[in-house]
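Accompanying notes for the structure given below.
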Amino acid sequence: MTRDQAHTVQMTWRAVLPVGATFAELFYGRLFALDPDVRRLFKDDLIEQGRNLTAMLSVASANLAKPERISVALRQLGKRHAAYGVTPEHFALVEHALLFALEHALIDVFTAEVKAAWQAAYALLASMMLEEITPRFAVPRS
């Protein structure tokens, strides 16, 4: 992820925040449309879950230029998601839902450049979370 991409994500996220509740509705609606079975992973109120999503994205976007600041928190988030039943396969669905919601929330400013910046940001954030979700393989004994 480049500094320019980090800046693009930060600026566009600020534009999404005023419509954060709508963004979250779009995100979860798309996620559940892609895979209705994913809904069972969400036990809590989706309005509160949407607030958690926007809060997490706010912190993440603010720290993209220095991801080491949030790496521990993202690994812990990954560990919690694994306990909820999230698998590595779910991450592609989440990326699709995220881009869908961003495209609809940002309307005219969701350019190819903005999309690429968000894809790079998601890849970075997801990789940190996946460190705790992806099973580690034991080193073969000699």
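Identifiers for the structure tokens are assigned positionally: chains receive A, B, ... in sequence, residues are indexed from 1 per chain, and ligands are indexed from 1 in the order shown.
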* Which neighbours of stretch 28-35 of chain A fall inside 10 Å, counting only C-alpha atoms, when residues of the same chain fewer than 4 positions from it are skipped, and could you give them as JSON, numbers by chain? -> {"A": [23, 24, 39, 40, 46, 49, 50, 90, 93, 94, 95, 96, 97, 98, 99, 100, 101]}
* Nearby residues (only C-alpha atoms) at most 9 Å from A:Ala65, same-chain spacing under 4 positions excluded, as a PyMOL selection string -> chain A and resi 1-3+6-7+61
Would you mind exporting C-alpha atoms of the selected residues as an mmCIF file, in the first residue's frame?
data_model
loop_
_atom_site.group_PDB
_atom_site.id
_atom_site.type_symbol
_atom_site.label_atom_id
_atom_site.label_comp_id
_atom_site.auth_asym_id
_atom_site.auth_seq_id
_atom_site.Cartn_x
_atom_site.Cartn_y
_atom_site.Cartn_z
ATOM 1 C CA MET A 1 0.000 0.000 0.000
ATOM 2 C CA THR A 2 1.426 3.346 -1.015
ATOM 3 C CA ARG A 3 1.192 6.598 0.919
ATOM 4 C CA ALA A 6 -3.463 5.437 2.285
ATOM 5 C CA HIS A 7 -4.328 9.106 1.820
ATOM 6 C CA SER A 61 -8.001 4.106 7.805
#
* To do: Do a neighbour search on A:His104 at 10 Å with only C-alpha atoms, toss out local chain neighbours closer than 2 positions, and write the hits as a PyMOL selection string.
  => chain A and resi 16+22-23+26-27+99-102+106-110
C-alpha atoms of the current selection, written as an mmCIF file, in the first residue's frame:
data_model
loop_
_atom_site.group_PDB
_atom_site.id
_atom_site.type_symbol
_atom_site.label_atom_id
_atom_site.label_comp_id
_atom_site.auth_asym_id
_atom_site.auth_seq_id
_atom_site.Cartn_x
_atom_site.Cartn_y
_atom_site.Cartn_z
ATOM 1 C CA VAL A 16 -18.474 8.009 4.071
ATOM 2 C CA THR A 22 -26.406 3.599 5.512
ATOM 3 C CA PHE A 23 -22.925 2.345 4.594
ATOM 4 C CA LEU A 26 -25.369 -1.622 2.428
ATOM 5 C CA PHE A 27 -22.383 -3.651 3.603
ATOM 6 C CA LEU A 99 -16.375 -2.378 -2.154
ATOM 7 C CA PHE A 100 -20.078 -2.550 -2.977
ATOM 8 C CA ALA A 101 -20.998 -0.400 0.039
ATOM 9 C CA LEU A 102 -18.205 2.079 -0.677
ATOM 10 C CA LEU A 106 -19.256 7.443 -2.497
ATOM 11 C CA ILE A 107 -21.256 7.468 -5.746
ATOM 12 C CA ASP A 108 -19.406 9.782 -8.173
ATOM 13 C CA VAL A 109 -16.020 9.739 -6.446
ATOM 14 C CA PHE A 110 -15.622 5.952 -6.445
#
* Structure fact -> Pairwise distance, atom CA of A:Thr8 with atom CA of A:Leu64, equals 10.5 Å
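Put simply, atom CA of A:Thr12 is 10.9 Å away from atom CA of A:Ser58.
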Excluding A:Ala83 and any residue of its chain fewer than 5 positions from it, enumerate the residues within 10 Å of it, using only C-alpha atoms, and give them as an mmCIF file with all heavy atoms, in the first residue's frame.
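What landed in around_1.cif:
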data_model
loop_
_atom_site.group_PDB
_atom_site.id
_atom_site.type_symbol
_atom_site.label_atom_id
_atom_site.label_comp_id
_atom_site.auth_asym_id
_atom_site.auth_seq_id
_atom_site.Cartn_x
_atom_site.Cartn_y
_atom_site.Cartn_z
ATOM 1 N N LEU A 41 -23.408 -15.984 11.783
ATOM 2 C CA LEU A 41 -22.208 -15.581 12.518
ATOM 3 C C LEU A 41 -22.431 -14.311 13.336
ATOM 4 O O LEU A 41 -21.596 -13.962 14.167
ATOM 5 C CB LEU A 41 -21.037 -15.361 11.564
ATOM 6 C CG LEU A 41 -20.597 -16.569 10.739
ATOM 7 C CD1 LEU A 41 -19.516 -16.163 9.742
ATOM 8 C CD2 LEU A 41 -20.116 -17.694 11.641
ATOM 9 N N LEU A 77 -8.446 -8.938 16.682
ATOM 10 C CA LEU A 77 -9.733 -8.950 15.989
ATOM 11 C C LEU A 77 -9.875 -10.241 15.169
ATOM 12 O O LEU A 77 -10.941 -10.857 15.150
ATOM 13 C CB LEU A 77 -9.863 -7.718 15.090
ATOM 14 C CG LEU A 77 -11.183 -7.508 14.374
ATOM 15 C CD1 LEU A 77 -12.330 -7.316 15.359
ATOM 16 C CD2 LEU A 77 -11.078 -6.298 13.440
ATOM 17 N N GLY A 78 -8.805 -10.641 14.521
ATOM 18 C CA GLY A 78 -8.809 -11.894 13.775
ATOM 19 C C GLY A 78 -9.080 -13.089 14.668
ATOM 20 O O GLY A 78 -9.867 -13.982 14.327
ATOM 21 N N ILE A 133 -6.342 -16.378 11.971
ATOM 22 C CA ILE A 133 -7.422 -17.249 11.506
ATOM 23 C C ILE A 133 -6.879 -18.430 10.711
ATOM 24 O O ILE A 133 -7.358 -19.548 10.833
ATOM 25 C CB ILE A 133 -8.429 -16.447 10.650
ATOM 26 C CG1 ILE A 133 -9.151 -15.436 11.543
ATOM 27 C CG2 ILE A 133 -9.436 -17.368 9.966
ATOM 28 C CD1 ILE A 133 -10.094 -14.514 10.805
#
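For the set A:Arg14, A:Arg75, A:Lys66, A:His81, the residue with the smallest atom-to-atom gap to A:Phe42 is A:His81, counting only C-alpha atoms.
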* To do: Could you give me the residues within chain A that DSSP places in alpha helix (DSSP H), as a PyMOL selection string?
  => chain A and resi 3-16+20-34+46-62+71-84+90-106+112-133
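Of the residues under consideration (A:Glu132, A:Tyr84, A:Ala21, A:Ala112), A:Tyr84 shows the shortest atom-to-atom contact distance to A:Lys43 when counting only C-alpha atoms.
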* Asked: Which of these, A:Thr87, A:Thr111, A:Thr54, A:Ser71, has the shortest distance to A:Leu125 once you count only C-alpha atoms?
  -> A:Ser71
* Asked: With only C-alpha atoms as the basis for distance, which of A:Ala105, A:Val38, A:Ala92, A:Val9 is at the shortest distance from A:Ala126?
  -> A:Ala92
* To do: Would you list the contacts of A:Ala73 as a list in words, taking every protein, DNA or RNA residue within 12 Å and counting only C-alpha atoms, but skipping same-chain residues closer than 6 positions in sequence?
  => Met56, Val59, Ala60, Asn63, Pro67, Lys79, Arg80, Leu125, Met128, Met129, Glu131 and Glu132 of chain A
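The space between atom CA of A:Pro36 and atom CA of A:Pro88 spans 16.8 Å.
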